[in-house]
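Chemist: Structure incoming, see below.
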Amino acid sequence: MTTAPDLIGPESTATDWSLSPSRALDFKTCALLYRFRVIDRLPEPPGLEAARGTVVHGILEKLFDLPAPGRTIAAAAELVEPEWSAVLAEDPDLAALVDTDPAGLVGMIDTTRQLLTAYFALEDPRRLEPAEREVLVETTLPSGVRLKGFVDRLDRAGDGRLRVVDYKTGKSPREEFEGKALFQLRFYALVLWRSTGVLPTKLRLYYLADREILDYSPDEADLLRLERQVDALATAIAKARDSGDWRHKTSKLCDWCSFQSLCPAYGGTPPPLPDATIRALG
């Protein structure tokens, strides 16, 4: 395996901002969406699906804090109410949203437990000892582009093989959309390869809503193609940031956008760009 060192070429200049897989996908979807989230940092209303995902991720992280024999469905179920209580205590708007939902908190707790039951149908956490959980990974590409992101879980075999794992509380995508779903994990694989020289042998997505597993094995050629794509995205973002030209792009995803009232495609007007230099934290 070729080692991919974390070096900046002699003619490269490190960016003063970093790119995460979520923000990269935002820009691919719509440059104006990226601007609203990263440059303007506009608030978005809370969502129950996102909150439930946060709760499930928190429980699965805490589950692996327990001794292996104690990682049971019953133990996970006991964490549900305390985790929801903590999340709602931190976000009054989310708490109000839960209160107005017909199912209420009882419904959120019930569906969370269902997702955890689905997780246990996919793997037995008593047989695993993850190397890292909720870990920040970051690197600088040879072009000078800085990448970072948080990985749900890293598993390392005794022979050094590395598996990148991500939990999704939604349903698995149709085959034609698997590439977009895997972009995030391929991004993490690129960061790990460039920062450590270790090429992850497997990328795994757990889709809890329909109890599906999506596996992918990257190779060097695949990650080099992704690196070129990320470099091109970073170049386009830098040009938009320098020019202030953040073009909107309409698609089916517009139906779920929080910023329709500010989008020219829907008769809205974006706010003036901030005067201060904004770093794209991603």
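Ligands are numbered from 1 in the order shown, residues from 1 within each chain, and chains are lettered A, B, ... in the order they appear in the structure tokens.
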Contacts between range 13-31 of chain A and range 77-187 of chain A, please, where a residue of range 77-187 of chain A counts if it comes within 6 Å (with only C-alpha atoms); show its shortest atom pair and distance in Å to one decimal, rows by chain and ascending number, as a tab-separated table.

Modeler:
```
residue	atom	partner	partner_atom	distance
A:Gly144	CA	A:Ala14	CA	3.9
A:Val145	CA	A:Thr15	CA	5.6
A:Arg146	CA	A:Ser18	CA	4.7
A:Leu147	CA	A:Leu19	CA	4.9
A:Lys148	CA	A:Ser20	CA	5.2
A:Gly149	CA	A:Ser20	CA	5.3
A:Gln184	CA	A:Pro21	CA	5.3
```

Chemist: Output the selection as an mmCIF file, in the first residue's frame - all heavy atoms for each residue.

Modeler:
```cif
data_model
loop_
_atom_site.group_PDB
_atom_site.id
_atom_site.type_symbol
_atom_site.label_atom_id
_atom_site.label_comp_id
_atom_site.auth_asym_id
_atom_site.auth_seq_id
_atom_site.Cartn_x
_atom_site.Cartn_y
_atom_site.Cartn_z
ATOM 1 N N GLY A 144 -3.285 21.926 -0.087
ATOM 2 C CA GLY A 144 -3.459 22.938 0.944
ATOM 3 C C GLY A 144 -4.867 23.001 1.494
ATOM 4 O O GLY A 144 -5.130 23.760 2.430
ATOM 5 N N VAL A 145 -5.791 22.216 0.937
ATOM 6 C CA VAL A 145 -7.170 22.202 1.417
ATOM 7 C C VAL A 145 -7.251 21.434 2.733
ATOM 8 O O VAL A 145 -6.746 20.315 2.842
ATOM 9 C CB VAL A 145 -8.108 21.557 0.373
ATOM 10 C CG1 VAL A 145 -9.533 21.431 0.927
ATOM 11 C CG2 VAL A 145 -8.111 22.369 -0.907
ATOM 12 N N ARG A 146 -7.873 22.062 3.726
ATOM 13 C CA ARG A 146 -8.015 21.445 5.049
ATOM 14 C C ARG A 146 -9.348 20.713 5.136
ATOM 15 O O ARG A 146 -10.398 21.253 4.786
ATOM 16 C CB ARG A 146 -7.929 22.510 6.143
ATOM 17 C CG ARG A 146 -6.575 23.197 6.230
ATOM 18 C CD ARG A 146 -6.640 24.409 7.141
ATOM 19 N NE ARG A 146 -7.150 24.048 8.468
ATOM 20 C CZ ARG A 146 -7.653 24.919 9.329
ATOM 21 N NH1 ARG A 146 -7.756 26.209 8.994
ATOM 22 N NH2 ARG A 146 -8.066 24.525 10.510
ATOM 23 N N LEU A 147 -9.300 19.471 5.629
ATOM 24 C CA LEU A 147 -10.489 18.646 5.772
ATOM 25 C C LEU A 147 -10.649 18.229 7.226
ATOM 26 O O LEU A 147 -9.661 18.013 7.933
ATOM 27 C CB LEU A 147 -10.389 17.381 4.902
ATOM 28 C CG LEU A 147 -10.068 17.550 3.428
ATOM 29 C CD1 LEU A 147 -10.031 16.188 2.755
ATOM 30 C CD2 LEU A 147 -11.066 18.470 2.749
ATOM 31 N N LYS A 148 -11.905 18.092 7.652
ATOM 32 C CA LYS A 148 -12.145 17.594 8.996
ATOM 33 C C LYS A 148 -13.545 17.009 9.085
ATOM 34 O O LYS A 148 -14.414 17.283 8.244
ATOM 35 C CB LYS A 148 -11.980 18.701 10.037
ATOM 36 C CG LYS A 148 -13.105 19.721 10.059
ATOM 37 C CD LYS A 148 -12.958 20.662 11.243
ATOM 38 C CE LYS A 148 -14.152 21.612 11.344
ATOM 39 N NZ LYS A 148 -14.037 22.512 12.509
ATOM 40 N N GLY A 149 -13.760 16.205 10.103
ATOM 41 C CA GLY A 149 -15.081 15.632 10.327
ATOM 42 C C GLY A 149 -15.064 14.746 11.556
ATOM 43 O O GLY A 149 -13.993 14.393 12.079
ATOM 44 N N GLN A 184 -19.814 10.648 2.486
ATOM 45 C CA GLN A 184 -19.332 11.021 3.816
ATOM 46 C C GLN A 184 -18.245 10.064 4.296
ATOM 47 O O GLN A 184 -17.186 10.490 4.777
ATOM 48 C CB GLN A 184 -20.498 11.021 4.802
ATOM 49 C CG GLN A 184 -20.111 11.368 6.236
ATOM 50 C CD GLN A 184 -21.310 11.306 7.180
ATOM 51 O OE1 GLN A 184 -22.341 10.722 6.860
ATOM 52 N NE2 GLN A 184 -21.164 11.897 8.346
#
```

Chemist: Would you pick out the contacts of Thr111 in chain A at 12 Å or less, using only C-alpha atoms, so that residues sharing its chain but fewer than 6 positions from it are not included, and give the list as a PyMOL selection string?

Modeler: chain A and resi 48-49+51-53+55-56+77+80-81+84+103-105+117-118+169-170+208-209

Chemist: Restricted to C-alpha atoms, what would the selected residues look like written as a short mmCIF file (atom, residue, chain, number, x, y, z; two decimals), in the first residue's frame?

Modeler:
```cif
data_model
loop_
_atom_site.label_atom_id
_atom_site.label_comp_id
_atom_site.auth_asym_id
_atom_site.auth_seq_id
_atom_site.Cartn_x
_atom_site.Cartn_y
_atom_site.Cartn_z
CA LEU A 48 -37.65 15.74 15.43
CA GLU A 49 -35.89 13.35 13.05
CA ALA A 51 -33.09 15.15 17.34
CA ARG A 52 -33.89 11.46 17.42
CA GLY A 53 -30.72 10.78 15.45
CA VAL A 55 -30.24 10.79 20.84
CA VAL A 56 -29.54 7.43 19.18
CA ALA A 77 -33.31 1.09 26.62
CA VAL A 80 -33.28 6.49 26.28
CA GLU A 81 -35.22 8.65 28.73
CA TRP A 84 -33.91 12.63 25.67
CA ALA A 103 -47.01 11.53 19.70
CA GLY A 104 -45.21 13.71 22.22
CA LEU A 105 -42.20 12.60 24.22
CA THR A 117 -33.63 -2.73 18.82
CA ALA A 118 -32.87 -2.58 15.09
CA THR A 169 -31.46 6.39 11.75
CA GLY A 170 -33.25 6.71 8.41
CA LEU A 208 -31.54 1.40 11.47
CA ALA A 209 -34.99 2.29 10.12
#
```

Chemist: Give the answer as one residue: which of A:Phe177, A:Tyr216, A:Trp256, A:Phe36 has the shortest atom-to-atom distance to Val165 in chain A, using only C-alpha atoms?

Modeler: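 Ranked by minimum distance to Val165 in chain A, first place goes to A:Tyr216.
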
Chemist: What's the 12 Å shell around Gly268 in chain A, counting only C-alpha atoms, without same-chain residues fewer than 5 positions away, as a list in words?

Modeler: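 What passes the distance filter is His248, Phe259, Gln260, Ser261, Leu262 and Cys263 of chain A.
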
Chemist: Considering only C-alpha atoms, state which residue in the set A:Val135, A:Leu42, A:Leu141, A:Ile73 is at the smallest distance from Asp155 in chain A.

Modeler: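 Among A:Val135, A:Leu42, A:Leu141, A:Ile73, it is A:Val135 that comes nearest to Asp155 in chain A.
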
Chemist: Compile the contact shell of Arg211 in chain A as a ChimeraX atom specification: residues with an atom at most 8 Å away, counting only C-alpha atoms, same-chain residues fewer than 5 positions apart removed.

Modeler: /A:118-119,121-122,206

Chemist: How about saving the chosen residues, C-alpha atoms kept, as a CSV table (one decimal), in the first residue's frame?

Modeler:
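Result went into part11.csv, see below:
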```
chain,number,residue,atom,x,y,z
A,118,ALA,CA,-32.9,-2.6,15.1
A,119,TYR,CA,-29.2,-1.8,15.9
A,121,ALA,CA,-30.4,-7.0,15.1
A,122,LEU,CA,-27.5,-5.8,12.9
A,206,TYR,CA,-25.9,1.0,9.4
```

Chemist: So, counting only C-alpha atoms, which residue among A:Ser258, A:Arg194, A:Thr139, A:Tyr34 is closest to Gly47 in chain A?

Modeler: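 Nearest candidate to Gly47 in chain A out of A:Ser258, A:Arg194, A:Thr139, A:Tyr34: A:Ser258.
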
Chemist: Please provide the set of residues having any atom within 9 Å of Asp40 in chain A, restricted to only C-alpha atoms, with same-chain residues fewer than 6 positions apart removed, written as a JSON list (two decimals) with N, CA and C atoms, in the first residue's frame.

Modeler:
```json
[["chain", "number", "residue", "atom", "x", "y", "z"],
["A", 271, "PRO", "N", -29.82, 37.92, 2.80],
["A", 271, "PRO", "CA", -29.35, 39.07, 3.57],
["A", 271, "PRO", "C", -28.00, 39.54, 3.04],
["A", 272, "PRO", "N", -27.60, 40.77, 3.35],
["A", 272, "PRO", "CA", -26.27, 41.24, 2.93],
["A", 272, "PRO", "C", -25.19, 40.33, 3.50],
["A", 273, "LEU", "N", -24.14, 40.14, 2.73],
["A", 273, "LEU", "CA", -23.03, 39.32, 3.21],
["A", 273, "LEU", "C", -22.37, 39.98, 4.42],
["A", 274, "PRO", "N", -21.94, 39.20, 5.39],
["A", 274, "PRO", "CA", -21.23, 39.78, 6.54],
["A", 274, "PRO", "C", -19.99, 40.52, 6.09],
["A", 278, "ILE", "N", -15.13, 35.63, 7.20],
["A", 278, "ILE", "CA", -15.73, 34.46, 7.81],
["A", 278, "ILE", "C", -14.94, 33.22, 7.45]]
```

Chemist: Of the candidates A:Ala157, A:Leu115, A:Leu199, A:Leu88, which one gets nearest to Pro46 in chain A if we count only C-alpha atoms?

Modeler: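 Of the candidates, the smallest distance to Pro46 in chain A is held by A:Leu88.
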
Chemist: Give the answer as one residue: which of A:Ala75, A:Leu32, A:Ala95, A:Ser143 has the shortest atom-to-atom distance to Ala232 in chain A, using only C-alpha atoms?

Modeler: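 Once distances to Ala232 in chain A are computed over only C-alpha atoms, the minimum belongs to A:Ser143.
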
Chemist: Based on DSSP run over this structure's backbone, return all residues of range 120-198 of chain A in alpha helix (DSSP H), as a PyMOL selection string.

Modeler: chain A and resi 120-122+178-196

Chemist: Among the residues of range 92-236 of chain A, find those DSSP assigns to strand (DSSP E or B) from the backbone and print them as a ChimeraX atom specification.

Modeler: /A:132-140,146-156,162-168,202-207,212-216

Chemist: Write out the residues from the selection above, keeping N, CA, C and O atoms, as a compact mmCIF listing (two decimals), in the first residue's frame.

Modeler:
```txt
# COMPACT_ATOMS: atom_id res chain seq x y z
N GLU A 132 -11.98 3.87 18.32
CA GLU A 132 -12.34 5.28 18.56
C GLU A 132 -13.84 5.43 18.38
O GLU A 132 -14.47 4.72 17.59
N ARG A 133 -14.42 6.41 19.11
CA ARG A 133 -15.83 6.74 18.95
C ARG A 133 -16.00 8.25 18.96
O ARG A 133 -15.35 8.94 19.75
N GLU A 134 -16.88 8.74 18.07
CA GLU A 134 -17.11 10.19 17.96
C GLU A 134 -15.78 10.94 17.94
O GLU A 134 -15.54 11.87 18.71
N VAL A 135 -14.93 10.53 17.03
CA VAL A 135 -13.57 11.05 16.98
C VAL A 135 -13.43 12.09 15.87
O VAL A 135 -13.96 11.92 14.77
N LEU A 136 -12.74 13.18 16.18
CA LEU A 136 -12.44 14.20 15.18
C LEU A 136 -11.25 13.73 14.34
O LEU A 136 -10.19 13.39 14.88
N VAL A 137 -11.43 13.71 13.03
CA VAL A 137 -10.33 13.39 12.12
C VAL A 137 -10.11 14.62 11.23
O VAL A 137 -11.05 15.27 10.80
N GLU A 138 -8.86 14.93 10.98
CA GLU A 138 -8.56 16.12 10.16
C GLU A 138 -7.22 15.96 9.49
O GLU A 138 -6.35 15.21 9.96
N THR A 139 -7.05 16.66 8.39
CA THR A 139 -5.80 16.63 7.65
C THR A 139 -5.76 17.82 6.70
O THR A 139 -6.74 18.54 6.53
N THR A 140 -4.60 18.04 6.11
CA THR A 140 -4.45 19.03 5.04
C THR A 140 -3.97 18.29 3.79
O THR A 140 -2.96 17.58 3.84
N ARG A 146 -7.87 22.06 3.73
CA ARG A 146 -8.02 21.44 5.05
C ARG A 146 -9.35 20.71 5.14
O ARG A 146 -10.40 21.25 4.79
N LEU A 147 -9.30 19.47 5.63
CA LEU A 147 -10.49 18.65 5.77
C LEU A 147 -10.65 18.23 7.23
O LEU A 147 -9.66 18.01 7.93
N LYS A 148 -11.90 18.09 7.65
CA LYS A 148 -12.15 17.59 9.00
C LYS A 148 -13.54 17.01 9.08
O LYS A 148 -14.41 17.28 8.24
N GLY A 149 -13.76 16.21 10.10
CA GLY A 149 -15.08 15.63 10.33
C GLY A 149 -15.06 14.75 11.56
O GLY A 149 -13.99 14.39 12.08
N PHE A 150 -16.25 14.40 12.03
CA PHE A 150 -16.39 13.53 13.19
C PHE A 150 -16.89 12.17 12.73
O PHE A 150 -17.93 12.07 12.08
N VAL A 151 -16.15 11.12 13.09
CA VAL A 151 -16.48 9.75 12.71
C VAL A 151 -17.22 9.08 13.87
O VAL A 151 -16.78 9.16 15.02
N ASP A 152 -18.35 8.43 13.56
CA ASP A 152 -19.10 7.76 14.62
C ASP A 152 -18.26 6.69 15.31
O ASP A 152 -18.23 6.61 16.54
N ARG A 153 -17.56 5.87 14.50
CA ARG A 153 -16.80 4.78 15.12
C ARG A 153 -15.70 4.29 14.19
O ARG A 153 -15.90 4.21 12.97
N LEU A 154 -14.56 3.99 14.77
CA LEU A 154 -13.47 3.35 14.06
C LEU A 154 -13.18 2.01 14.72
O LEU A 154 -12.96 1.94 15.93
N ASP A 155 -13.18 0.95 13.92
CA ASP A 155 -12.82 -0.38 14.41
C ASP A 155 -11.47 -0.76 13.82
O ASP A 155 -11.26 -0.62 12.61
N ARG A 156 -10.57 -1.25 14.67
CA ARG A 156 -9.25 -1.65 14.19
C ARG A 156 -9.01 -3.11 14.53
O ARG A 156 -9.08 -3.51 15.70
N LEU A 162 -8.52 -1.26 9.18
CA LEU A 162 -9.36 -0.21 9.76
C LEU A 162 -10.74 -0.21 9.09
O LEU A 162 -10.84 -0.24 7.86
N ARG A 163 -11.78 -0.17 9.93
CA ARG A 163 -13.16 -0.07 9.42
C ARG A 163 -13.78 1.21 9.96
O ARG A 163 -13.72 1.49 11.16
N VAL A 164 -14.40 1.98 9.04
CA VAL A 164 -15.08 3.22 9.40
C VAL A 164 -16.58 2.94 9.44
O VAL A 164 -17.14 2.43 8.47
N VAL A 165 -17.22 3.27 10.57
CA VAL A 165 -18.63 2.93 10.78
C VAL A 165 -19.44 4.20 11.03
O VAL A 165 -19.00 5.09 11.77
N ASP A 166 -20.62 4.26 10.42
CA ASP A 166 -21.52 5.38 10.64
C ASP A 166 -22.93 4.86 10.84
O ASP A 166 -23.36 3.93 10.14
N TYR A 167 -23.65 5.44 11.80
CA TYR A 167 -25.02 5.04 12.08
C TYR A 167 -25.98 6.04 11.42
O TYR A 167 -25.84 7.24 11.58
N LYS A 168 -26.98 5.52 10.73
CA LYS A 168 -28.03 6.34 10.14
C LYS A 168 -29.37 5.86 10.70
O LYS A 168 -29.66 4.66 10.65
N LYS A 202 -12.64 -1.09 4.95
CA LYS A 202 -14.09 -1.19 4.81
C LYS A 202 -14.76 0.05 5.38
O LYS A 202 -14.39 0.55 6.44
N LEU A 203 -15.79 0.52 4.66
CA LEU A 203 -16.66 1.59 5.11
C LEU A 203 -18.05 0.98 5.30
O LEU A 203 -18.56 0.31 4.40
N ARG A 204 -18.65 1.21 6.45
CA ARG A 204 -19.93 0.55 6.75
C ARG A 204 -20.96 1.57 7.24
O ARG A 204 -20.68 2.36 8.15
N LEU A 205 -22.14 1.53 6.63
CA LEU A 205 -23.28 2.34 7.04
C LEU A 205 -24.36 1.43 7.60
O LEU A 205 -24.78 0.48 6.93
N TYR A 206 -24.80 1.71 8.82
CA TYR A 206 -25.93 0.99 9.40
C TYR A 206 -27.18 1.86 9.24
O TYR A 206 -27.23 2.98 9.76
N TYR A 207 -28.18 1.35 8.53
CA TYR A 207 -29.46 2.04 8.39
C TYR A 207 -30.47 1.36 9.32
O TYR A 207 -30.94 0.25 9.05
N GLU A 212 -30.75 -2.29 7.46
CA GLU A 212 -29.89 -2.59 6.33
C GLU A 212 -28.46 -2.16 6.61
O GLU A 212 -28.22 -1.22 7.37
N ILE A 213 -27.52 -2.86 5.98
CA ILE A 213 -26.11 -2.53 6.07
C ILE A 213 -25.58 -2.26 4.67
O ILE A 213 -25.83 -3.04 3.74
N LEU A 214 -24.87 -1.16 4.51
CA LEU A 214 -24.23 -0.82 3.24
C LEU A 214 -22.73 -0.81 3.46
O LEU A 214 -22.22 -0.03 4.26
N ASP A 215 -22.02 -1.72 2.80
CA ASP A 215 -20.57 -1.84 2.91
C ASP A 215 -19.90 -1.38 1.62
O ASP A 215 -20.44 -1.56 0.52
N TYR A 216 -18.73 -0.81 1.78
CA TYR A 216 -17.95 -0.36 0.62
C TYR A 216 -16.48 -0.49 0.97
O TYR A 216 -16.06 -0.14 2.08
```
